[in-house]
Amino acid sequence: MKTEGARGYRPKVEYVRSDTPDSGDLMTINMGPQHPSTHGVLRIELKMSGEEIQDARCHIGYMHRCAEKESENSTYIQIVPYVDRLDYVAPMTNAYGYSLAVERLFGLEVSPGVEYLRMCVNELERIASHLLALGAFGIDLGAFTPFLYAFEAREKILKFFEYISGGHLLYNYIWPGGVQRPLPSDFRARVEELLSAVETSVNESINPVLTQNTIFIERTADIGILKPETALAYAITGPNLRASGVSRDLRRDEPCARYDEMDFEVCVGRGEFGPVGSCLERYLVRLREISESVKIVRQCLAKMPVEPIDVHAGLPSTWNAPEGECYVRFETARGELGFYLISDGSSKPYRCKFRSPGFHSIQVIPEISRGHFLADMPAIIGSLDFVMCEVDR
Amino acid sequence: MENERGLSLTQILATALSGMKATAHEAAKAEVTESYPEERPQLPWGTKGQLYVDIVDCISCYKCAKACPSDCIRIDSVRVPAGTLSDTSDGHKRIFDVIRFDIDMSQCCYCGLCTGRSSYVAADQKADPVALAAADRMAACPTDCINFYPRYENATEDVGNLMYHFACFSFDEALSRWNSLPADKKRTTHTGKPDADYEVAQESAAEQHP
């Protein structure tokens with residue numbers, strides 16, 4: 001047997017699966033990396049038989065910027081701005097997950113008031129991220145109006161974040177041990193205002209225009225079926241997994257922070273309009289999660305102490321970590337975000353590994369797009385809701 | 001007229017009409033879009049906009065340059081005799097002439113790790129002395145000389161224009177002060193790579209004071 005390469009390893013490059021029918025008569029279509037519906041710089045190489053997708057191959061790495069290596073050359077506090085940039089649609093949740101990892105590594109105690117504050121901000125960010133996902137999913141299908149309604153509500157949340165943190169998109173707000181800036185005194189009133197604005201927007205604008213629209217339901221209920229066993233095999237997490245009918249939410253199953261005190265429902269695909277795991281189910285799960293997040297924010301506000309919170313009390317006096325390692329996983333708006341940190345006792349991590357949920361969502365695109373039309377591809381991509389910045393890191 | 005799912009055309013039209021009703025309702029509401037160049041947004045206190053350095057308060061401690069994750073702050077300074085420079089506004093002694101304080105805003109990641117105490121107070125507590133004192137613990141800058149101010153229209157045609165220079169003493173001024181120092185006080189500090197000007201300063205000083 002002929003072997004190639006020094007170690008006898010021969011990379012198996014297979015652009016078209018051998019079991020694909022009429023593989024001799026396929027046309028290659030390149031989608032992306034500048035395609036507006038690929039949600040960033042994703043290139044998909046499609047093998048088409050007429051209008052039908054026979055195979056797809058995702059090319060990633062256009063946004064690779066050595067975030068992990070860069071983090072290993074930064075102190076623990078300097079990593080927070082980089083972590084914000086992993087998933088720029090929901091930076092607060094990323095920073096929160098990272099902060100929980102560093103707190104476990106350092107053994108930091110955070111006061112309940114600060115924890116409720118961070119959970120409150122985190123759930124608002126989840127709402128903002130889901131609003132973007134819903135709006136962008138609509139725009140991928142040609143429905144421009146709901147996108148504007150979703151963005152109007154999202155913009156209100158971003159304006160609020162700008163008020164408390166100083167940044168409009170990237171905040172560097174949640175820190176290991178606390179948050180960057182103290183609370184303004186009208187925090188509670190503003191959050192209440194936001195929540196009612198979000199509920200109004202979802203109930204009165206997005207639902208009638210998009211969710212209840214029969215054309216939209218018909219368009220999305222039967223495409224991109226992600227079976228639960230496939231989802232588990234590909235390690236899909238977050239709303240994409242729950243839409244396939246698997247009830248798994250790290251906020252409930254492995255509660256970090258103070259999520260165990262919160263009363264909320266894990267939204268799972270119900271299959272009301274067709275099979276579970278379809279594009280529509282993923283949309284609906286996100287929509288329902290918005291109202292669950294609203295519930296969590298209200299509970300956090302109720303539990304937050306009325307007197308001013310010292311948000312800097314939990315910060316360590318030095319950023320020299322004790323030797324050791326930790327892995328913390330955290331449920332973000334896109335799924336399980338993992339932070340693996342190894343410390344050698346210095347102020348910088350020896351090794352830093354990020355596990356991003358979007359990377360796994362991308363792997364399943366070929367699996368769920370085979371046999372669909374090319375026009376279904378934007379819907380499939382939009383329903384998976386990944387951010388390429390986080391995939392490539 | 002039904003499709004394979006059993007939906008009639010009237011049902012489809014009814015949902016489309018209810019969507020249109022919501023859109024019409026939305027159209028009757030007040031505008032939320034700002035017409036940008038005419039209406040400018042009022043940014044809140046502490047917005048991470050443009051970095052500004054109040055150079056007469058800078059004691060050249062390099063804490064901001066060390067805190068920066070993206071190394072966008074470059075400082076060079078020259079030792080001067082005590083008493084040459086006035087104290088900072090909060091009473092720190094200044095013994096270094098800052099001959100270079102450059103911030104490359106194209107590299108800045110707007111994290112706020114370099115800033116002084118004013119950036120660590122909440123939006124509605126900027127006049128509260130207790131809050132400002134508490135913020136001192138967090139702030140990198142001990143004299144509150146580097147802070148954000150809400151300027152956001154920084155776009156230029158040349159990326160070099162995003163390099164902002166804050167040093168107010170010219171190199172010649174600093175050199176003449178440095179030359180008047182006794183030999184044992186001639187110390188300089190610098191970050192990063194010494195540039196040509198810095199080397200010239202050392203050489204010419206060495207010539208004049210062998």
# chains A, B, ... in the order shown; residues from 1 in each chain; ligands from 1
call {"tool": "select_by_dssp", "arguments": {"residues": "range 26-275 of chain A", "states": "alpha helix (DSSP H)", "output": "number ranges by chain"}}
result
A: 67-72, 79-84, 91-106, 112-140, 145-165, 187-200, 214-220, 228-233, 239-243, 250-253
call {"tool": "closest_atom_pairs", "arguments": {"of": "chain B", "to": "chain A", "cutoff": "6 Å", "atoms": "only C-alpha atoms", "output": "JSON lines"}}
result
{"residue": "B:Ile12", "atom": "CA", "partner": "A:Thr214", "partner_atom": "CA", "distance": 5.4}
{"residue": "B:Thr15", "atom": "CA", "partner": "A:Asn213", "partner_atom": "CA", "distance": 5.1}
{"residue": "B:Gly19", "atom": "CA", "partner": "A:Val209", "partner_atom": "CA", "distance": 4.0}
{"residue": "B:Ala22", "atom": "CA", "partner": "A:Ser205", "partner_atom": "CA", "distance": 5.9}
{"residue": "B:Pro44", "atom": "CA", "partner": "A:Tyr163", "partner_atom": "CA", "distance": 5.8}
{"residue": "B:Gly46", "atom": "CA", "partner": "A:Gly166", "partner_atom": "CA", "distance": 5.4}
{"residue": "B:Thr47", "atom": "CA", "partner": "A:Gly166", "partner_atom": "CA", "distance": 3.9}
{"residue": "B:Lys48", "atom": "CA", "partner": "A:Gly166", "partner_atom": "CA", "distance": 5.1}
{"residue": "B:Pro69", "atom": "CA", "partner": "A:Gln78", "partner_atom": "CA", "distance": 5.4}
{"residue": "B:Cys111", "atom": "CA", "partner": "A:Asn172", "partner_atom": "CA", "distance": 5.7}
{"residue": "B:Tyr120", "atom": "CA", "partner": "A:Arg181", "partner_atom": "CA", "distance": 5.2}
{"residue": "B:Val121", "atom": "CA", "partner": "A:Arg181", "partner_atom": "CA", "distance": 5.9}
{"residue": "B:Ala122", "atom": "CA", "partner": "A:Pro182", "partner_atom": "CA", "distance": 5.1}
{"residue": "B:Ala123", "atom": "CA", "partner": "A:Pro184", "partner_atom": "CA", "distance": 5.9}
{"residue": "B:Asp124", "atom": "CA", "partner": "A:Pro184", "partner_atom": "CA", "distance": 5.8}
call {"tool": "residues_around", "arguments": {"residues": "Arg370 in chain A", "least_positions_apart": "3", "cutoff": "6 Å", "atoms": "only C-alpha atoms", "output": "VMD selection string"}}
result
chain A and resid 53 to 55
call {"tool": "residues_around", "arguments": {"residues": "Cys389 in chain A", "least_positions_apart": "6", "cutoff": "12 Å", "atoms": "only C-alpha atoms", "output": "list in words"}}
result
His39, Gly40, Val41, Leu42, Ile60, Gly61, Tyr62, Met63, His64, Arg65, Cys66, Ala67, Tyr82, Val83, Asp84, Arg85, Leu86, Asp87, Tyr88, Val89, Ala90, Pro91, Ser356, Pro357, Gly358 and Phe359 of chain A
call {"tool": "residues_around", "arguments": {"residues": "Asp87 in chain B", "least_positions_apart": "6", "cutoff": "8 Å", "atoms": "only C-alpha atoms", "output": "list in words"}}
result
Asp57, Lys93 and Arg94 of chain B
call {"tool": "write_last_selection", "arguments": {"atoms": "C-alpha atoms", "output": "mmCIF file, in the first residue's frame"}}
result
data_model
loop_
_atom_site.group_PDB
_atom_site.id
_atom_site.type_symbol
_atom_site.label_atom_id
_atom_site.label_comp_id
_atom_site.auth_asym_id
_atom_site.auth_seq_id
_atom_site.Cartn_x
_atom_site.Cartn_y
_atom_site.Cartn_z
ATOM 1 C CA ASP B 57 -1.456 66.700 35.095
ATOM 2 C CA LYS B 93 4.994 66.467 42.197
ATOM 3 C CA ARG B 94 6.080 66.495 38.573
#
call {"tool": "decode", "arguments": {"residues": "range 236-248 of chain A", "atoms": "all heavy atoms", "output": "PDB file, in the first residue's frame"}}
result
ATOM      1  N   ILE A 236     -24.173  20.307  19.105  1.00  0.00           N
ATOM      2  CA  ILE A 236     -24.897  21.575  19.013  1.00  0.00           C
ATOM      3  C   ILE A 236     -25.456  21.908  20.390  1.00  0.00           C
ATOM      4  O   ILE A 236     -25.905  21.011  21.117  1.00  0.00           O
ATOM      5  CB  ILE A 236     -26.061  21.449  18.012  1.00  0.00           C
ATOM      6  CG1 ILE A 236     -25.574  20.920  16.670  1.00  0.00           C
ATOM      7  CG2 ILE A 236     -26.805  22.751  17.857  1.00  0.00           C
ATOM      8  CD1 ILE A 236     -24.931  21.902  15.804  1.00  0.00           C
ATOM      9  N   THR A 237     -25.413  23.148  20.759  1.00  0.00           N
ATOM     10  CA  THR A 237     -25.957  23.555  22.055  1.00  0.00           C
ATOM     11  C   THR A 237     -26.855  24.768  21.858  1.00  0.00           C
ATOM     12  O   THR A 237     -26.962  25.306  20.769  1.00  0.00           O
ATOM     13  CB  THR A 237     -24.827  23.913  23.032  1.00  0.00           C
ATOM     14  OG1 THR A 237     -23.914  24.752  22.355  1.00  0.00           O
ATOM     15  CG2 THR A 237     -24.135  22.696  23.559  1.00  0.00           C
ATOM     16  N   GLY A 238     -27.450  25.167  22.950  1.00  0.00           N
ATOM     17  CA  GLY A 238     -28.230  26.400  22.938  1.00  0.00           C
ATOM     18  C   GLY A 238     -29.573  26.255  22.265  1.00  0.00           C
ATOM     19  O   GLY A 238     -30.123  25.155  22.182  1.00  0.00           O
ATOM     20  N   PRO A 239     -30.138  27.350  21.773  1.00  0.00           N
ATOM     21  CA  PRO A 239     -31.474  27.301  21.170  1.00  0.00           C
ATOM     22  C   PRO A 239     -31.558  26.329  19.994  1.00  0.00           C
ATOM     23  O   PRO A 239     -32.613  25.731  19.775  1.00  0.00           O
ATOM     24  CB  PRO A 239     -31.689  28.739  20.684  1.00  0.00           C
ATOM     25  CG  PRO A 239     -30.768  29.566  21.461  1.00  0.00           C
ATOM     26  CD  PRO A 239     -29.601  28.721  21.814  1.00  0.00           C
ATOM     27  N   ASN A 240     -30.463  26.135  19.258  1.00  0.00           N
ATOM     28  CA  ASN A 240     -30.499  25.211  18.121  1.00  0.00           C
ATOM     29  C   ASN A 240     -30.762  23.785  18.587  1.00  0.00           C
ATOM     30  O   ASN A 240     -31.472  23.031  17.932  1.00  0.00           O
ATOM     31  CB  ASN A 240     -29.171  25.258  17.359  1.00  0.00           C
ATOM     32  CG  ASN A 240     -28.934  26.609  16.735  1.00  0.00           C
ATOM     33  OD1 ASN A 240     -29.867  27.367  16.562  1.00  0.00           O
ATOM     34  ND2 ASN A 240     -27.700  26.889  16.415  1.00  0.00           N
ATOM     35  N   LEU A 241     -30.166  23.412  19.733  1.00  0.00           N
ATOM     36  CA  LEU A 241     -30.387  22.070  20.271  1.00  0.00           C
ATOM     37  C   LEU A 241     -31.791  21.959  20.869  1.00  0.00           C
ATOM     38  O   LEU A 241     -32.497  20.977  20.645  1.00  0.00           O
ATOM     39  CB  LEU A 241     -29.334  21.764  21.342  1.00  0.00           C
ATOM     40  CG  LEU A 241     -29.480  20.442  22.072  1.00  0.00           C
ATOM     41  CD1 LEU A 241     -29.221  19.283  21.138  1.00  0.00           C
ATOM     42  CD2 LEU A 241     -28.539  20.350  23.239  1.00  0.00           C
ATOM     43  N   ARG A 242     -32.189  22.981  21.591  1.00  0.00           N
ATOM     44  CA  ARG A 242     -33.513  22.937  22.227  1.00  0.00           C
ATOM     45  C   ARG A 242     -34.615  22.901  21.177  1.00  0.00           C
ATOM     46  O   ARG A 242     -35.649  22.276  21.387  1.00  0.00           O
ATOM     47  CB  ARG A 242     -33.684  24.147  23.145  1.00  0.00           C
ATOM     48  CG  ARG A 242     -32.789  24.086  24.352  1.00  0.00           C
ATOM     49  CD  ARG A 242     -33.210  25.071  25.399  1.00  0.00           C
ATOM     50  NE  ARG A 242     -32.781  26.420  25.112  1.00  0.00           N
ATOM     51  CZ  ARG A 242     -31.574  26.885  25.356  1.00  0.00           C
ATOM     52  NH1 ARG A 242     -30.674  26.101  25.923  1.00  0.00           N
ATOM     53  NH2 ARG A 242     -31.247  28.124  25.067  1.00  0.00           N
ATOM     54  N   ALA A 243     -34.401  23.543  20.035  1.00  0.00           N
ATOM     55  CA  ALA A 243     -35.406  23.515  18.978  1.00  0.00           C
ATOM     56  C   ALA A 243     -35.583  22.116  18.426  1.00  0.00           C
ATOM     57  O   ALA A 243     -36.634  21.775  17.903  1.00  0.00           O
ATOM     58  CB  ALA A 243     -35.005  24.470  17.860  1.00  0.00           C
ATOM     59  N   SER A 244     -34.535  21.265  18.567  1.00  0.00           N
ATOM     60  CA  SER A 244     -34.646  19.886  18.111  1.00  0.00           C
ATOM     61  C   SER A 244     -35.335  19.000  19.139  1.00  0.00           C
ATOM     62  O   SER A 244     -35.371  17.782  18.973  1.00  0.00           O
ATOM     63  CB  SER A 244     -33.263  19.319  17.810  1.00  0.00           C
ATOM     64  OG  SER A 244     -32.675  20.049  16.775  1.00  0.00           O
ATOM     65  N   GLY A 245     -35.802  19.583  20.216  1.00  0.00           N
ATOM     66  CA  GLY A 245     -36.565  18.813  21.190  1.00  0.00           C
ATOM     67  C   GLY A 245     -35.753  18.302  22.361  1.00  0.00           C
ATOM     68  O   GLY A 245     -36.280  17.568  23.189  1.00  0.00           O
ATOM     69  N   VAL A 246     -34.485  18.634  22.444  1.00  0.00           N
ATOM     70  CA  VAL A 246     -33.664  18.193  23.571  1.00  0.00           C
ATOM     71  C   VAL A 246     -33.697  19.288  24.629  1.00  0.00           C
ATOM     72  O   VAL A 246     -33.317  20.425  24.357  1.00  0.00           O
ATOM     73  CB  VAL A 246     -32.208  17.932  23.131  1.00  0.00           C
ATOM     74  CG1 VAL A 246     -31.403  17.401  24.299  1.00  0.00           C
ATOM     75  CG2 VAL A 246     -32.175  16.961  21.980  1.00  0.00           C
ATOM     76  N   SER A 247     -34.168  18.936  25.809  1.00  0.00           N
ATOM     77  CA  SER A 247     -34.286  19.949  26.852  1.00  0.00           C
ATOM     78  C   SER A 247     -32.966  20.039  27.598  1.00  0.00           C
ATOM     79  O   SER A 247     -32.674  19.242  28.477  1.00  0.00           O
ATOM     80  CB  SER A 247     -35.411  19.566  27.807  1.00  0.00           C
ATOM     81  OG  SER A 247     -35.431  20.460  28.883  1.00  0.00           O
ATOM     82  N   ARG A 248     -32.152  20.970  27.187  1.00  0.00           N
ATOM     83  CA  ARG A 248     -30.853  21.126  27.843  1.00  0.00           C
ATOM     84  C   ARG A 248     -30.512  22.601  27.870  1.00  0.00           C
ATOM     85  O   ARG A 248     -30.432  23.264  26.838  1.00  0.00           O
ATOM     86  CB  ARG A 248     -29.773  20.367  27.079  1.00  0.00           C
ATOM     87  CG  ARG A 248     -28.415  20.505  27.701  1.00  0.00           C
ATOM     88  CD  ARG A 248     -27.399  19.611  27.027  1.00  0.00           C
ATOM     89  NE  ARG A 248     -26.057  20.019  27.351  1.00  0.00           N
ATOM     90  CZ  ARG A 248     -25.450  19.777  28.481  1.00  0.00           C
ATOM     91  NH1 ARG A 248     -26.090  19.128  29.427  1.00  0.00           N
ATOM     92  NH2 ARG A 248     -24.223  20.191  28.709  1.00  0.00           N
TER      93      ARG A 248
END
